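Heads up, structure30.cif below (mmCIF, C-alpha atoms):
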data_run
#
loop_
_atom_site.label_atom_id
_atom_site.label_comp_id
_atom_site.auth_asym_id
_atom_site.auth_seq_id
_atom_site.Cartn_x
_atom_site.Cartn_y
_atom_site.Cartn_z
CA MET A 13 -6.69 -13.61 18.13
CA PRO A 14 -7.89 -13.40 21.74
CA ALA A 15 -5.80 -11.63 24.32
CA HIS A 16 -3.74 -13.90 26.52
CA PRO A 17 -4.86 -13.66 30.16
CA ASP A 18 -1.34 -12.60 31.17
CA THR A 19 -1.25 -9.78 28.58
CA ILE A 20 -1.93 -6.34 30.04
CA PRO A 21 -3.65 -4.07 27.46
CA LEU A 22 -2.22 -0.63 26.76
CA GLY A 23 -5.62 0.89 27.43
CA LYS A 24 -7.49 3.52 25.41
CA GLY A 25 -5.35 6.58 26.04
CA ILE A 26 -5.59 9.17 28.79
CA GLN A 27 -7.14 12.62 29.16
CA ASP A 28 -6.42 14.81 26.11
CA THR A 29 -4.53 11.91 24.45
CA GLN A 30 -5.97 9.43 21.96
CA LEU A 31 -4.32 6.09 21.27
CA LEU A 32 -4.97 5.31 17.61
CA ILE A 33 -4.08 2.20 15.61
CA LEU A 34 -3.86 2.87 11.87
CA ASN A 35 -3.40 0.27 9.13
CA ALA A 36 -1.15 0.56 6.05
CA ALA A 37 -3.80 2.68 4.27
CA MET A 38 -3.71 5.11 7.23
CA ASN A 39 -7.28 4.20 8.15
CA LEU A 40 -8.40 3.23 11.64
CA ALA A 41 -7.66 -0.49 12.08
CA GLY A 42 -10.50 -2.91 12.68
CA ILE A 43 -10.90 -5.17 15.70
CA GLY A 44 -7.98 -7.62 15.75
CA GLU A 45 -6.23 -5.99 12.77
CA VAL A 46 -2.56 -5.27 13.47
CA GLY A 47 -1.50 -1.71 12.69
CA GLU A 48 0.87 0.99 13.90
CA ILE A 49 0.15 2.89 17.10
CA TYR A 50 -0.15 6.69 16.89
CA LEU A 51 -0.73 9.20 19.67
CA ARG A 52 -3.00 12.20 19.09
CA SER A 53 -2.84 15.09 21.53
CA PRO A 54 -2.74 18.90 21.56
CA HIS A 55 0.20 18.57 23.96
CA LEU A 56 2.65 16.81 21.61
CA ALA A 57 6.23 18.06 21.55
CA LEU A 58 7.25 20.24 18.62
CA GLY A 59 9.67 17.60 17.41
CA TYR A 60 13.20 16.25 17.88
CA LEU A 61 15.89 18.79 18.73
CA ASP A 62 18.16 19.50 15.73
CA ASP A 63 16.73 16.56 13.74
CA GLU A 64 14.28 17.81 11.14
CA ASP A 65 14.22 14.55 9.17
CA LEU A 66 13.20 12.46 12.18
CA THR A 67 10.66 15.10 13.17
CA ARG A 68 9.01 14.90 9.73
CA GLN A 69 8.96 11.09 9.95
CA ARG A 70 7.45 10.85 13.43
CA PHE A 71 5.23 13.94 13.76
CA ILE A 72 2.59 13.97 11.01
CA SER A 73 -0.68 15.71 10.23
CA ASN A 74 -3.78 13.72 11.05
CA PRO A 75 -4.76 12.06 7.73
CA ALA A 76 -8.42 12.11 8.79
CA THR A 77 -8.57 15.91 9.22
CA ARG A 78 -5.53 17.08 7.17
CA ASP A 79 -5.26 19.96 9.65
CA PRO A 80 -1.58 20.96 10.25
CA ALA A 81 -2.48 21.82 13.83
CA ASP A 82 -3.97 18.35 14.38
CA ARG A 83 -0.86 16.22 14.70
CA LEU A 84 -0.11 12.56 15.39
CA TYR A 85 3.02 10.97 16.82
CA LYS A 86 4.15 7.83 15.00
CA THR A 87 5.39 5.52 17.79
CA GLY A 88 6.89 2.70 15.70
CA ASP A 89 4.97 0.21 17.87
CA LEU A 90 2.44 -2.25 16.50
CA GLY A 91 -0.86 -3.01 18.19
CA ARG A 92 -4.40 -4.22 17.68
CA TYR A 93 -7.78 -3.32 19.15
CA LEU A 94 -9.62 -5.71 21.45
CA PRO A 95 -13.43 -5.89 21.19
CA ASP A 96 -13.72 -3.66 24.28
CA GLY A 97 -11.72 -0.88 22.59
CA ASN A 98 -8.50 -1.43 24.52
CA ALA A 99 -5.26 -1.79 22.56
CA VAL A 100 -2.69 -4.59 22.85
CA PHE A 101 1.00 -4.21 22.02
CA CYS A 102 2.15 -6.52 19.17
CA GLY A 103 5.80 -5.61 18.67
CA ARG A 104 7.81 -3.10 16.67
CA VAL A 105 7.42 -1.98 13.06
CA ASP A 106 11.15 -2.36 12.50
CA ARG A 107 10.84 -6.06 13.43
CA GLN A 108 8.60 -6.80 10.45
CA VAL A 109 10.11 -9.28 7.99
CA LYS A 110 9.10 -10.66 4.61
CA ILE A 111 9.07 -14.44 4.02
CA ARG A 112 8.04 -15.79 0.58
CA GLY A 113 6.16 -12.58 -0.11
CA PHE A 114 4.28 -12.57 3.22
CA ARG A 115 4.84 -9.65 5.59
CA ILE A 116 5.28 -11.02 9.10
CA GLU A 117 5.43 -9.31 12.47
CA THR A 118 7.75 -11.51 14.52
CA GLY A 119 6.37 -10.05 17.76
CA GLU A 120 3.10 -11.90 17.18
CA ILE A 121 4.96 -15.22 16.99
CA GLU A 122 7.01 -14.38 20.08
CA THR A 123 3.87 -13.55 22.08
CA LEU A 124 2.37 -16.94 21.24
CA LEU A 125 5.62 -18.80 21.96
CA ARG A 126 5.68 -17.30 25.46
CA GLN A 127 2.26 -18.85 26.04
CA HIS A 128 3.79 -22.33 25.63
CA PRO A 129 4.02 -23.88 29.13
CA GLY A 130 7.68 -24.78 28.57
CA VAL A 131 8.82 -21.37 27.24
CA LYS A 132 9.84 -18.52 29.55
CA ASP A 133 11.04 -16.10 26.87
CA ALA A 134 11.37 -16.12 23.08
CA ASP A 135 12.63 -14.15 20.14
CA VAL A 136 12.04 -14.80 16.43
CA VAL A 137 14.25 -13.50 13.62
CA ALA A 138 14.48 -14.07 9.86
CA LEU A 139 17.75 -15.64 8.74
CA GLU A 140 19.10 -17.08 5.51
CA ASP A 141 19.58 -20.83 5.41
CA PRO A 142 22.55 -22.42 3.56
CA ALA A 143 20.56 -22.27 0.31
CA GLY A 144 20.02 -18.52 0.66
CA GLU A 145 16.31 -18.79 1.53
CA ARG A 146 14.95 -16.59 4.32
CA ARG A 147 13.40 -18.61 7.13
CA LEU A 148 12.17 -17.94 10.64
CA ALA A 149 14.41 -18.95 13.53
CA ALA A 150 13.00 -19.17 17.06
CA TYR A 151 15.30 -18.55 20.06
CA THR A 152 13.69 -19.79 23.26
CA VAL A 153 14.44 -19.78 26.97
CA SER A 154 12.87 -22.75 28.69
CA THR A 155 11.05 -22.91 32.02
CA CYS A 156 12.04 -26.54 32.56
CA LEU A 157 14.03 -29.47 31.21
CA PRO A 158 13.99 -30.94 28.66
CA ASN A 159 13.76 -27.85 26.47
CA PRO A 160 10.80 -27.81 24.05
CA GLY A 161 12.03 -28.75 20.57
CA LEU A 162 11.04 -27.49 17.14
CA ASP A 163 8.38 -30.16 16.59
CA ASP A 164 6.78 -29.32 19.94
CA LEU A 165 6.78 -25.57 19.24
CA ARG A 166 5.42 -25.92 15.69
CA GLY A 167 2.69 -28.24 16.96
CA PHE A 168 1.74 -25.65 19.58
CA LEU A 169 1.64 -22.82 17.00
CA GLN A 170 0.05 -24.55 14.03
CA ASP A 171 -3.52 -24.07 15.27
CA LYS A 172 -2.87 -20.37 15.89
CA LEU A 173 -0.78 -19.26 12.91
CA PRO A 174 -0.62 -19.90 9.17
CA GLU A 175 2.10 -22.22 7.90
CA TYR A 176 4.37 -19.42 6.63
CA MET A 177 4.62 -17.98 10.19
CA LEU A 178 5.87 -21.22 11.76
CA PRO A 179 9.60 -21.27 12.66
CA SER A 180 11.82 -23.53 10.55
CA VAL A 181 14.60 -23.80 13.12
CA GLN A 182 14.86 -23.46 16.91
CA VAL A 183 17.71 -22.67 19.32
CA SER A 184 17.50 -23.16 23.09
CA LEU A 185 19.27 -20.53 25.23
CA ASP A 186 19.82 -20.03 28.95
CA ALA A 187 18.86 -16.37 28.46
CA LEU A 188 18.32 -13.98 25.58
CA PRO A 189 21.37 -11.71 25.03
CA LEU A 190 20.71 -8.07 25.89
CA THR A 191 22.47 -4.79 25.17
CA PRO A 192 23.51 -2.52 28.08
CA ASN A 193 20.23 -0.60 27.75
CA GLY A 194 18.17 -3.79 28.06
CA LYS A 195 17.23 -4.35 24.42
CA LEU A 196 17.75 -7.61 22.57
CA ASP A 197 21.27 -7.91 21.16
CA LEU A 198 20.54 -9.41 17.74
CA GLY A 199 24.22 -9.63 16.88
CA ALA A 200 24.87 -11.87 19.89
CA LEU A 201 22.29 -14.50 18.91
CA PRO A 202 24.13 -17.73 17.96
CA ALA A 203 23.74 -18.99 14.41
CA PRO A 204 21.34 -21.96 14.27
CA SER A 205 22.41 -25.37 13.05
CA TRP A 206 20.02 -25.91 10.17
CA LEU A 207 20.87 -29.60 9.85
CA THR A 208 20.48 -30.74 13.45
CA GLN A 209 16.88 -29.99 14.38
CA ALA A 210 15.39 -32.27 17.00
CA THR A 211 13.44 -35.22 15.64
CA PRO A 212 12.08 -38.09 17.75
CA GLU A 213 14.44 -41.02 18.15
CA GLY A 214 13.64 -44.41 16.66
CA LEU A 215 12.72 -43.07 13.20
CA PRO A 216 11.50 -45.71 10.73
CA VAL A 217 14.42 -46.33 8.39
CA ALA A 218 14.19 -46.38 4.61
CA ALA A 219 12.81 -49.71 3.39
CA ASP A 220 14.53 -49.68 0.00
CA GLU A 221 16.84 -47.71 -2.27
CA LEU A 222 14.03 -45.43 -3.52
CA GLU A 223 13.06 -44.33 0.00
CA ARG A 224 16.73 -43.81 0.88
CA MET A 225 17.18 -41.62 -2.21
CA LEU A 226 14.08 -39.58 -1.36
CA VAL A 227 15.21 -39.12 2.27
CA GLU A 228 18.53 -37.74 1.02
CA MET A 229 16.72 -35.36 -1.35
CA TRP A 230 14.45 -34.10 1.42
CA GLN A 231 17.36 -33.59 3.83
CA ARG A 232 19.38 -31.76 1.21
CA VAL A 233 16.57 -29.42 0.10
CA LEU A 234 15.00 -28.89 3.54
CA HIS A 235 18.43 -28.49 5.24
CA ARG A 236 17.32 -30.69 8.11
CA GLU A 237 18.36 -34.14 9.29
CA PRO A 238 17.62 -36.78 10.23
CA ILE A 239 14.31 -37.12 8.37
CA GLY A 240 12.19 -40.23 8.80
CA VAL A 241 10.15 -41.85 6.06
CA GLN A 242 6.95 -41.04 8.01
CA ASP A 243 7.78 -37.36 8.71
CA ASN A 244 5.27 -34.93 7.20
CA PHE A 245 6.72 -32.53 4.63
CA PHE A 246 4.80 -29.52 5.93
CA ALA A 247 5.59 -30.30 9.58
CA LEU A 248 9.29 -30.24 8.62
CA GLY A 249 8.94 -26.63 7.44
CA GLY A 250 8.37 -27.42 3.78
CA HIS A 251 6.22 -25.36 1.44
CA SER A 252 5.23 -25.33 -2.22
CA LEU A 253 8.40 -23.65 -3.51
CA ILE A 254 10.59 -26.22 -1.75
CA ALA A 255 8.37 -28.99 -3.12
CA LEU A 256 9.06 -27.77 -6.66
CA ARG A 257 12.80 -28.25 -6.04
CA ILE A 258 12.27 -31.78 -4.72
CA PHE A 259 10.03 -32.68 -7.67
CA ALA A 260 12.62 -31.27 -10.09
CA GLU A 261 15.27 -33.55 -8.53
CA ILE A 262 12.90 -36.53 -8.74
CA GLU A 263 12.29 -35.86 -12.42
CA GLU A 264 16.02 -35.47 -13.11
CA SER A 265 17.02 -38.60 -11.15
CA LEU A 266 14.10 -40.94 -11.86
CA GLY A 267 12.59 -39.56 -15.04
CA LYS A 268 9.13 -39.29 -13.42
CA ARG A 269 7.24 -36.04 -13.12
CA LEU A 270 5.03 -35.75 -10.05
CA PRO A 271 2.23 -33.17 -10.16
CA LEU A 272 2.47 -30.65 -7.34
CA ARG A 273 -1.00 -31.64 -6.14
CA SER A 274 0.37 -35.08 -5.16
CA LEU A 275 2.23 -33.50 -2.23
CA TYR A 276 -1.02 -32.95 -0.34
CA SER A 277 -2.01 -36.64 -0.50
CA ALA A 278 1.55 -38.02 -0.33
CA ALA A 279 3.26 -35.78 2.21
CA THR A 280 5.77 -38.32 3.55
CA VAL A 281 8.75 -40.05 1.98
CA ALA A 282 7.01 -43.43 2.30
CA GLN A 283 3.84 -42.17 0.59
CA GLN A 284 5.84 -40.44 -2.14
CA ALA A 285 7.84 -43.59 -2.81
CA ALA A 286 4.64 -45.66 -3.01
CA LEU A 287 3.17 -43.15 -5.46
CA LEU A 288 6.23 -43.38 -7.68
CA CYS A 289 6.10 -47.18 -7.64
CA ASP A 290 2.35 -47.47 -8.31
CA GLU A 291 1.86 -47.93 -12.03
CA HIS A 292 -1.83 -47.08 -11.65
CA SER A 293 -1.22 -43.76 -9.89
CA ASP A 294 -2.83 -40.77 -11.60
CA LEU A 295 0.13 -38.49 -12.34
CA ARG A 296 -1.68 -36.42 -14.94
CA PRO A 297 -1.58 -32.63 -14.56
CA ALA A 298 -4.56 -31.22 -12.70
CA CYS A 299 -5.51 -27.93 -11.12
CA LEU A 300 -7.76 -29.17 -8.32
CA VAL A 301 -5.85 -30.20 -5.20
CA PRO A 302 -7.59 -31.68 -2.12
CA LEU A 303 -6.44 -29.81 0.98
CA GLN A 304 -9.12 -31.41 3.15
CA ALA A 305 -11.18 -33.96 1.24
CA ASN A 306 -13.49 -35.25 3.99
CA GLY A 307 -16.73 -33.67 5.13
CA SER A 308 -20.41 -33.52 4.26
CA LYS A 309 -20.64 -29.79 3.45
CA LYS A 310 -20.36 -28.25 0.01
CA PRO A 311 -16.67 -27.87 -0.94
CA LEU A 312 -14.85 -24.55 -0.72
CA TYR A 313 -12.57 -23.83 -3.69
CA CYS A 314 -9.52 -21.63 -2.95
CA ILE A 315 -8.06 -20.05 -6.10
CA HIS A 316 -4.29 -19.53 -6.36
CA ASP A 317 -2.69 -16.09 -6.04
CA VAL A 318 -0.20 -14.53 -8.47
CA THR A 319 2.44 -17.16 -7.58
CA GLY A 320 0.21 -19.95 -8.86
CA LEU A 321 0.61 -21.79 -5.54
CA ILE A 322 -1.98 -22.77 -2.93
CA GLY A 323 0.18 -23.55 0.11
CA CYS A 324 -0.98 -20.30 1.72
CA TYR A 325 -4.38 -21.90 2.36
CA GLN A 326 -2.97 -24.68 4.57
CA GLY A 327 -3.24 -22.42 7.61
CA LEU A 328 -6.98 -21.90 7.07
CA LEU A 329 -7.97 -25.52 7.47
CA HIS A 330 -8.22 -25.59 11.26
CA TYR A 331 -10.72 -22.69 11.14
CA PHE A 332 -13.21 -24.71 9.08
CA GLY A 333 -13.44 -27.90 11.12
CA GLU A 334 -13.26 -31.47 9.86
CA ASP A 335 -16.68 -31.40 8.15
CA GLN A 336 -15.73 -28.76 5.55
CA PRO A 337 -14.07 -30.05 2.35
CA VAL A 338 -11.50 -27.58 1.02
CA TYR A 339 -9.84 -27.75 -2.40
CA GLY A 340 -7.07 -25.58 -3.77
CA VAL A 341 -7.01 -24.54 -7.42
CA GLN A 342 -3.35 -24.21 -8.41
CA SER A 343 -2.01 -22.72 -11.63
CA VAL A 344 -2.02 -24.97 -14.69
CA GLY A 345 1.40 -23.49 -15.52
CA LEU A 346 2.97 -25.37 -12.58
CA GLU A 347 2.57 -28.61 -14.51
CA LYS A 348 4.49 -27.33 -17.60
CA ASN A 349 1.42 -27.40 -19.84
CA PRO A 350 2.66 -26.19 -23.26
CA GLY A 351 -0.86 -25.23 -24.33
CA LEU A 352 -1.39 -22.84 -21.42
CA SER A 353 -3.35 -19.70 -22.26
CA VAL A 354 -2.65 -16.71 -20.06
CA THR A 355 -5.82 -14.61 -20.33
CA ILE A 356 -7.93 -14.18 -17.21
CA GLU A 357 -11.03 -15.45 -19.02
CA SER A 358 -9.37 -18.60 -20.36
CA LEU A 359 -7.77 -19.43 -17.00
CA ALA A 360 -11.09 -18.91 -15.22
CA SER A 361 -12.82 -21.09 -17.83
CA ARG A 362 -10.26 -23.88 -17.32
CA TYR A 363 -10.69 -23.75 -13.56
CA ARG A 364 -14.49 -23.54 -13.79
CA LEU A 365 -14.64 -26.65 -15.99
CA GLU A 366 -12.43 -28.60 -13.59
CA ILE A 367 -14.54 -27.52 -10.61
CA GLN A 368 -17.74 -28.50 -12.41
CA ALA A 369 -16.27 -31.84 -13.48
CA PHE A 370 -15.61 -32.56 -9.81
CA GLN A 371 -18.87 -31.03 -8.55
CA PRO A 372 -21.49 -31.14 -11.33
CA VAL A 373 -24.24 -29.44 -9.31
CA GLY A 374 -24.04 -26.23 -7.29
CA PRO A 375 -24.19 -24.20 -5.22
CA TYR A 376 -20.49 -23.33 -5.49
CA GLN A 377 -18.29 -21.64 -2.88
CA ILE A 378 -15.17 -19.86 -4.16
CA CYS A 379 -12.61 -17.73 -2.37
CA SER A 380 -9.25 -16.06 -2.98
CA TYR A 381 -7.38 -12.79 -2.52
CA SER A 382 -5.32 -10.28 -4.51
CA PHE A 383 -4.78 -11.50 -8.11
CA GLY A 384 -6.65 -14.70 -7.28
CA GLY A 385 -9.67 -12.60 -6.36
CA ILE A 386 -9.92 -11.48 -9.99
CA LEU A 387 -9.87 -15.09 -11.14
CA ALA A 388 -12.40 -16.11 -8.49
CA TYR A 389 -14.74 -13.30 -9.56
CA ASP A 390 -14.51 -14.35 -13.23
CA ILE A 391 -15.17 -18.00 -12.33
CA ALA A 392 -18.23 -16.95 -10.32
CA GLN A 393 -19.51 -14.84 -13.22
CA GLN A 394 -19.12 -17.75 -15.64
CA LEU A 395 -21.02 -20.03 -13.28
CA LEU A 396 -23.81 -17.47 -12.89
CA ARG A 397 -24.10 -17.09 -16.68
CA ALA A 398 -24.48 -20.87 -16.84
CA ALA A 399 -27.48 -20.55 -14.44
CA GLU A 400 -25.50 -22.06 -11.56
CA LYS A 401 -25.69 -20.75 -8.00
CA VAL A 402 -22.70 -19.22 -6.18
CA THR A 403 -23.10 -18.77 -2.43
CA PHE A 404 -21.27 -17.55 0.66
CA MET A 405 -20.30 -19.95 3.43
#

Would you write out, as structure tokens, the structure that this file holds?
Amino acid sequence: MPAHPDTIPLGKGIQDTQLLILNAAMNLAGIGEVGEIYLRSPHLALGYLDDEDLTRQRFISNPATRDPADRLYKTGDLGRYLPDGNAVFCGRVDRQVKIRGFRIETGEIETLLRQHPGVKDADVVALEDPAGERRLAAYTVSTCLPNPGLDDLRGFLQDKLPEYMLPSVQVSLDALPLTPNGKLDLGALPAPSWLTQATPEGLPVAADELERMLVEMWQRVLHREPIGVQDNFFALGGHSLIALRIFAEIEESLGKRLPLRSLYSAATVAQQAALLCDEHSDLRPACLVPLQANGSKKPLYCIHDVTGLIGCYQGLLHYFGEDQPVYGVQSVGLEKNPGLSVTIESLASRYRLEIQAFQPVGPYQICSYSFGGILAYDIAQQLLRAAEKVTFM
């Protein structure tokens, strides 16, 4: 992420003082990698007066030298290195939150929100919606009227952040509430109204009873209204886990089971209704899901992580350009396949066969992370044993 021209770097330290950014493994962070800022100096204080616990937490031995005399001070601030070696402040460690398994530093989102031409100041917090799900709420102070709404802010952020870091709700304030010492007063932030997020007026109304029923389902599960029949599910703050709830309601109410992959080609109420009405629609279970089907390059196949879902790859699409086809490989278990085998080898074989059925001739490009990386490696090995070529992008 490039530095904003209005952002003043922290620098590189001063004489006899090093400014170090260490990642979670306590190794020096790479360029652009967010980590915690530590200060290294022979002139550090001995510790906190009459507080041994805090002293042990904040003053530590340098993990690189393991010399008790070589100490670091743990600041609690987050930062990242710029290519020129300078460091940029990225928020506080104690402001990190976890959303759907993803660790998020809200300061990064706030920094980007302040770059919006209509936003003077911003704060982002994780709150529970009426269904008990943790979501990101953005509190913004505008530079002009009318205040930027949620759709505007998400549109501004979506090319800079992955989907799971986009706010689900937004509140406009005249000023952010502060404590007497000038820090943000989190307790004074007003509770957001989850059901009244701004949506453009003149929404296309439901054309029939099926669309009306789907609109009500979406509003109930997404906790947002009004929702138009042409509104995009992902732009409304939806994700794969929410989609599973909607599909479960569709199956219970209509007796039709939609495969999760259909959400990526039918992401509006109108498209979903048309899919349900089309007797020739292919509703068979499948692992391969088109995230970006167009393009002349060889497809990239993104293998699911331990959740079985592929929504995490949505945020990568804008990095590839429109000429790169991208397909997600979701878990077969999401489609309630009673014959599902759970060994790594059998899963990789199932996914390999589906990839080859779609693309009979290589070379193949496969990516993933964490648990999915194990599957991706096994798929690649099976392809290589079959005398196929696996390449890097």

Item to check | Surrounding residues of A:Tyr331 excluding itself and chain neighbours under 6 positions, 12 Å, all atoms listed in the file, as a PyMOL selection string | outcome: chain A and resi 170-174+304+325+337-338

Next on the checklist: Residues within 12 Å of stretch 389-402 of chain A, please, as a ChimeraX atom specification. Count all atoms listed in the file; anything in the same chain fewer than 3 positions from it doesn't count.
Outcome noted: /A:310-315,341,355-368,371-386,405

Item to check | Distance query A:Gly119 at most 8 Å, only C-alpha atoms, self and fewer than 5 positions along chain excluded, as an MDAnalysis selection string | outcome: chainID A and resid 102:104 107 135:136

Checklist outcome for this item: Min atom-atom distance to A:Pro142 from the set A:Leu51, A:Leu22, A:Leu253, A:Ala203, counting all atoms listed in the file, belongs to A:Ala203

Checklist entry - Do you have the atom CA of A:Asp220-atom CA of A:Phe259 distance handy? => result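 Rounded to one decimal, the two atoms are 19.2 Å apart.
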
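Of note, atom CA of A:Ile49 and atom CA of A:Ala134 are spaced 22.9 Å apart.
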
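Once the PyMOL selection byres ((chain A and resi 87) around 9) is applied to the shown structure, the selection contains Glu48, Ile49, Tyr50, Leu51, Arg70, Tyr85, Lys86, Gly88, Asp89 and Leu90 of chain A.
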
Item to check | A:Met229, A:Ile72, A:Leu148, A:Ala99 ranked by distance to A:Gln30, top pick (using only C-alpha atoms) | outcome: A:Ala99

Item to check | Nearest candidate to A:Glu221 (options A:Lys132, A:Gln336, A:Val281, A:Phe246; using only C-alpha atoms) | outcome: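 Checking each candidate against A:Glu221, we get A:Val281 as the closest.
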
Next on the checklist: Nearest residue to A:Arg52 out of A:Phe370, A:Phe71, A:Tyr339, A:Phe168, using all atoms listed in the file?
Outcome noted: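 Closest residue, counting all atoms listed in the file: A:Phe71.
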
Item to check | Counting only C-alpha atoms, the option among A:Ile43, A:Leu32, A:Leu61, A:Ala247 closest to A:Ala76 | outcome: A:Leu32

Item to check | Selected residue, from A:Pro192, A:Pro271, A:Gly25, A:Pro302, that lies nearest to A:Leu288 when counting only C-alpha atoms | outcome: A:Pro271

Checklist entry - Taking the file as shown, what set of residues would the PyMOL selection byres ((chain A and resi 125-130) around 8) give back, as an MDAnalysis selection string? => result chainID A and resid 16 121:124 131:134 154:156 159:160 165 168:169

Checklist entry - If you apply the PyMOL selection byres ((chain A and resi 146) around 12) to this file, what residues do you get, as number ranges by chain? => result A: 109-114, 137-145, 147-149, 176-177, 179-181
